[in-house]
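Below is structure-v1.cif, holding mmCIF, C-alpha atoms.
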data_query
#
loop_
_atom_site.label_atom_id
_atom_site.label_comp_id
_atom_site.auth_asym_id
_atom_site.auth_seq_id
_atom_site.Cartn_x
_atom_site.Cartn_y
_atom_site.Cartn_z
CA PRO A 1 28.82 -65.78 -54.67
CA LEU A 2 28.21 -63.64 -51.63
CA TYR A 3 27.47 -65.45 -48.37
CA VAL A 4 25.64 -64.10 -45.33
CA ALA A 5 24.62 -65.82 -42.11
CA ALA A 6 22.48 -65.11 -39.06
CA VAL A 7 22.82 -66.87 -35.71
CA ILE A 8 20.97 -66.92 -32.40
CA LEU A 9 23.36 -68.31 -29.81
CA ASP A 10 22.15 -70.17 -26.73
CA ALA A 11 23.37 -68.43 -23.56
CA ALA A 12 23.09 -71.78 -21.74
CA ARG A 13 25.55 -73.37 -24.20
CA PRO A 14 28.45 -70.93 -24.61
CA ILE A 15 31.14 -71.42 -27.25
CA PRO A 16 34.43 -70.19 -25.75
CA GLY A 17 36.93 -68.60 -28.12
CA LEU A 18 34.51 -67.33 -30.78
CA ASN A 19 36.17 -64.51 -32.67
CA ASP A 20 36.14 -62.63 -35.95
CA SER A 21 36.41 -65.24 -38.72
CA LYS A 22 39.33 -63.35 -40.28
CA LYS A 23 41.36 -63.90 -37.11
CA LEU A 24 40.89 -67.68 -37.12
CA SER A 25 42.68 -70.40 -39.08
CA PRO A 26 40.63 -72.39 -41.59
CA GLN A 27 40.73 -75.39 -39.25
CA ALA A 28 39.51 -73.32 -36.28
CA ARG A 29 36.71 -71.82 -38.41
CA SER A 30 35.55 -75.30 -39.47
CA SER A 31 35.62 -76.56 -35.91
CA PHE A 32 33.70 -73.52 -34.65
CA ALA A 33 31.17 -73.81 -37.52
CA ALA A 34 30.31 -77.36 -36.46
CA GLU A 35 29.99 -76.30 -32.81
CA ILE A 36 27.86 -73.27 -33.71
CA GLN A 37 25.48 -75.43 -35.75
CA GLU A 38 25.26 -77.92 -32.89
CA LYS A 39 24.74 -75.43 -30.05
CA ALA A 40 22.94 -72.42 -31.57
CA LEU A 41 19.23 -71.94 -31.05
CA ALA A 42 18.96 -71.07 -34.74
CA CYS A 43 21.22 -70.36 -37.70
CA GLN A 44 20.70 -69.61 -41.35
CA VAL A 45 23.18 -69.22 -44.22
CA ILE A 46 22.22 -67.47 -47.46
CA ALA A 47 24.17 -67.57 -50.74
CA VAL A 48 23.64 -64.81 -53.30
CA PRO A 49 24.74 -65.70 -56.85
CA ALA A 50 27.16 -63.35 -58.60
CA GLN A 51 24.52 -62.32 -61.14
CA GLU A 52 22.21 -61.07 -58.37
CA VAL A 53 25.09 -59.18 -56.73
CA ASP A 54 25.85 -57.56 -60.10
CA GLU A 55 22.20 -56.61 -60.61
CA LEU A 56 21.69 -55.10 -57.14
CA ASN A 57 25.24 -54.00 -56.14
CA VAL A 58 27.21 -55.64 -53.35
CA TYR A 59 25.83 -53.40 -50.58
CA GLU A 60 22.15 -53.96 -51.43
CA ALA A 61 22.69 -57.68 -52.14
CA THR A 62 24.29 -58.03 -48.70
CA ARG A 63 21.48 -56.10 -46.98
CA GLN A 64 18.77 -58.16 -48.68
CA ALA A 65 20.59 -61.42 -47.93
CA MET A 66 20.87 -60.43 -44.27
CA ILE A 67 17.12 -59.84 -44.17
CA ARG A 68 16.46 -63.22 -45.83
CA ALA A 69 18.77 -64.93 -43.33
CA LEU A 70 17.06 -63.23 -40.39
CA LYS A 71 13.59 -64.11 -41.67
CA GLY A 72 14.73 -67.73 -41.94
CA LEU A 73 15.59 -68.00 -38.25
CA ASN A 74 13.29 -70.07 -36.09
CA PRO A 75 12.74 -68.88 -33.46
CA SER A 76 12.81 -65.25 -34.56
CA PRO A 77 15.25 -62.96 -32.77
CA ASP A 78 14.01 -60.35 -30.28
CA PHE A 79 16.82 -57.95 -31.15
CA ILE A 80 19.37 -57.97 -33.97
CA LEU A 81 23.00 -56.92 -34.06
CA THR A 82 24.53 -56.52 -37.51
CA ASP A 83 28.09 -56.04 -38.62
CA ALA A 84 28.06 -52.35 -39.59
CA MET A 85 25.07 -52.60 -41.94
CA PRO A 86 21.70 -51.07 -41.08
CA LEU A 87 18.74 -53.19 -42.15
CA ALA A 88 16.31 -50.34 -42.82
CA LEU A 89 16.71 -48.24 -45.92
CA PRO A 90 17.88 -44.62 -45.49
CA GLY A 91 14.92 -42.37 -44.78
CA ASN A 92 12.85 -45.30 -43.50
CA PRO A 93 14.22 -46.23 -40.05
CA GLU A 94 11.02 -48.10 -39.21
CA GLY A 95 11.34 -50.23 -42.34
CA PHE A 96 12.45 -53.40 -40.55
CA PRO A 97 10.06 -54.90 -37.98
CA ILE A 98 12.59 -56.24 -35.44
CA PRO A 99 14.65 -53.80 -33.35
CA HIS A 100 18.23 -53.77 -34.58
CA ARG A 101 21.57 -52.04 -34.25
CA ALA A 102 24.52 -51.91 -36.62
CA ILE A 103 27.89 -52.23 -34.88
CA ILE A 104 31.12 -51.15 -36.55
CA HIS A 105 33.62 -54.06 -36.44
CA GLY A 106 30.78 -56.16 -35.05
CA ASP A 107 32.49 -59.47 -35.83
CA ALA A 108 35.23 -58.50 -33.36
CA ARG A 109 32.83 -57.07 -30.75
CA SER A 110 29.90 -59.51 -30.65
CA VAL A 111 30.03 -63.31 -30.36
CA SER A 112 26.74 -63.59 -32.27
CA ILE A 113 28.11 -61.59 -35.19
CA ALA A 114 31.39 -63.53 -35.00
CA ALA A 115 29.43 -66.81 -35.13
CA ALA A 116 27.53 -65.59 -38.21
CA SER A 117 30.75 -64.48 -39.90
CA ILE A 118 32.27 -67.92 -39.27
CA LEU A 119 29.30 -69.77 -40.76
CA ALA A 120 29.25 -67.50 -43.82
CA LYS A 121 33.01 -67.78 -44.37
CA VAL A 122 33.07 -71.58 -43.99
CA ALA A 123 30.10 -71.98 -46.37
CA ARG A 124 31.68 -69.67 -48.96
CA ASP A 125 35.10 -71.33 -48.72
CA THR A 126 33.53 -74.79 -49.06
CA HIS A 127 31.63 -73.65 -52.13
CA LEU A 128 34.76 -72.15 -53.70
CA GLU A 129 36.68 -75.38 -53.09
CA LYS A 130 33.97 -77.18 -55.08
CA LEU A 131 34.08 -74.53 -57.83
CA ASP A 132 37.84 -75.05 -58.04
CA ARG A 133 37.16 -78.45 -59.61
CA ASP A 134 35.21 -76.80 -62.45
CA TYR A 135 37.49 -73.76 -62.80
CA PRO A 136 40.99 -74.93 -61.76
CA LEU A 137 42.76 -72.14 -63.68
CA TYR A 138 41.67 -69.61 -61.03
CA ARG A 139 42.97 -71.62 -58.03
CA LEU A 140 39.81 -70.85 -56.06
CA ALA A 141 40.58 -73.51 -53.44
CA GLN A 142 43.73 -71.57 -52.54
CA ASN A 143 42.70 -67.91 -52.94
CA LYS A 144 38.99 -68.31 -52.08
CA GLY A 145 38.08 -65.83 -54.80
CA TYR A 146 39.98 -62.92 -53.28
CA GLY A 147 42.06 -60.65 -55.51
CA THR A 148 45.37 -62.32 -54.75
CA ALA A 149 48.24 -62.00 -57.20
CA ASP A 150 47.63 -65.49 -58.64
CA HIS A 151 43.88 -64.85 -59.03
CA LEU A 152 44.49 -61.53 -60.80
CA GLU A 153 47.07 -63.21 -63.02
CA ALA A 154 44.51 -65.88 -63.97
CA LEU A 155 41.96 -63.15 -64.78
CA ALA A 156 44.53 -61.45 -67.01
CA ARG A 157 45.47 -64.70 -68.79
CA PHE A 158 42.08 -66.38 -69.12
CA GLY A 159 39.49 -63.66 -68.55
CA PRO A 160 36.66 -64.06 -66.08
CA CYS A 161 34.72 -67.31 -65.77
CA PRO A 162 30.90 -67.26 -65.92
CA LEU A 163 30.70 -67.10 -62.10
CA HIS A 164 32.83 -63.99 -61.55
CA ARG A 165 31.04 -60.81 -60.43
CA LYS A 166 31.10 -58.67 -63.56
CA THR A 167 30.81 -55.41 -61.57
CA PHE A 168 33.90 -56.14 -59.42
CA GLN A 169 36.62 -53.80 -60.70
CA PRO A 170 39.42 -56.33 -61.31
CA VAL A 171 36.93 -58.47 -63.27
CA LYS A 172 35.62 -55.47 -65.22
CA ASP A 173 39.21 -54.73 -66.26
CA TYR A 174 39.35 -58.05 -68.09
CA LEU A 175 35.91 -58.11 -69.68
CA LEU A 176 36.05 -57.59 -73.41
CA PRO A 177 33.29 -55.62 -75.07
CA LEU A 178 31.02 -57.78 -77.20
CA PHE A 179 31.57 -55.56 -80.26
CA PRO A 180 34.81 -53.63 -79.74
CA PHE A 181 34.55 -51.91 -83.11
CA ALA A 182 31.62 -50.33 -84.88
CA PRO A 183 30.26 -52.58 -87.62
CA GLN A 184 31.23 -51.59 -91.14
CA ALA A 185 28.41 -50.39 -93.36
#
Go ahead and express the file in the form of structure tokens.
Amino acid sequence: PLYVAAVILDAARPIPGLNDSKKLSPQARSSFAAEIQEKALACQVIAVPAQEVDELNVYEATRQAMIRALKGLNPSPDFILTDAMPLALPGNPEGFPIPHRAIIHGDARSVSIAAASILAKVARDTHLEKLDRDYPLYRLAQNKGYGTADHLEALARFGPCPLHRKTFQPVKDYLLPLFPFAPQA
């Protein structure tokens, strides 16, 4: 699944050391996630199932999940910073009611975006660790669903599991057509 989060930090309760989730160890991410949930004014995590990502495409699924996460915040934000993704559709810049700005490499440049990236990453990793119990052949607890050598090897040996994104190229490579040959008359 795809995970997205939105966070409103409390300026009166700073969280020193917040950084891009990719630059933190799993232990640091977990520790920060707990602190963010304790100190933030509001936070929301959204999970998008693989089937929905396949139906929409990863970009649109991410955009829609961000909007759902933002709408779930209470209180509502006055201004929104996003990690590189605009919320309004092209040709409709007024299409989202709250002022917003997309920032390239936002998770490294904004503590609010970093906090959201940490919550999303921790939630996704926790979910994949649980999925590992049902699908141990893919070693999801170790590779977290990324296209590591062992994950790609498992795809090659066992094919995709029902929860893989069918539109993701390495998965598509191992999907077999339902009827590989034309039926004989």
(message) What does the structure give for the distance between CA of Gln51 in chain A and CA of Met66 in chain A, in Å to one decimal?
(response)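 Result for CA of Gln51 in chain A versus CA of Met66 in chain A: 17.4 Å, one decimal.
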(message) Between A:Ala116, A:Asn57, A:Asn74, A:Asp10, which residue has the minimum interatomic distance to Phe32 in chain A, considering all atoms listed in the file?
(response)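 Among A:Ala116, A:Asn57, A:Asn74, A:Asp10, it is A:Ala116 that comes nearest to Phe32 in chain A.
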(request) Report the distance between CA of Glu55 in chain A and CA of Pro99 in chain A in Å, rounded to one decimal place. (result) 28.4 Å
(message) For this structure, which residues satisfy the selection - the PyMOL selection byres ((chain A and resi 113) around 12) - when it is evaluated on the file as given? I want them as a ChimeraX atom specification.
(response) /A:4-9,18-21,36,43,66,80-85,101-112,114-120
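The closest residue to Gln64 in chain A, picked from A:Ala123, A:Lys39, A:Ile46, A:Phe79 and counting only C-alpha atoms, is A:Ile46.
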(request) Could you check which of A:Asp173, A:Arg68, A:Ala40, A:Phe168 is closest to Ala12 in chain A, using only C-alpha atoms? (result) A:Ala40
(message) Here's the selection I'm unsure about, the PyMOL selection byres ((chain A and resi 154-166) around 9); applied to the file above, which residues does it give, as a VMD selection string?
(response) chain A and resid 1 49 to 51 53 to 54 135 137 to 139 145 149 to 153 167 to 176
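Of note, CA of Leu87 in chain A and CA of Lys121 in chain A are spaced 20.5 Å apart.
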(message) With distances taken over all atoms listed in the file, which residue among A:Ala28, A:Ile98, A:Leu41, A:Leu70 lies nearest Ala11 in chain A?
(response)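 Answer, going by the shortest atom-to-atom distance: A:Leu41.
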(message) Counting only C-alpha atoms, which residue out of A:Ser76, A:Phe96, A:Ile15, A:Val58 sits closest to Ala34 in chain A?
(response) A:Ile15
(request) Have a look at A:Val122, A:Glu129, A:Leu89, A:Gly17 and name the one nearest to Gln37 in chain A; count only C-alpha atoms. (result)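 Among the listed residues, A:Val122 lies closest to Gln37 in chain A.
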(request) Identify, on the basis of only C-alpha atoms, every residue whose closest approach to Val48 in chain A does not exceed 8 Å; exclude the query and any residue fewer than 6 positions from it along the same chain; express the result as a list in words. (result) Pro1, Leu2, Tyr3, Ala61 and Ala65 of chain A
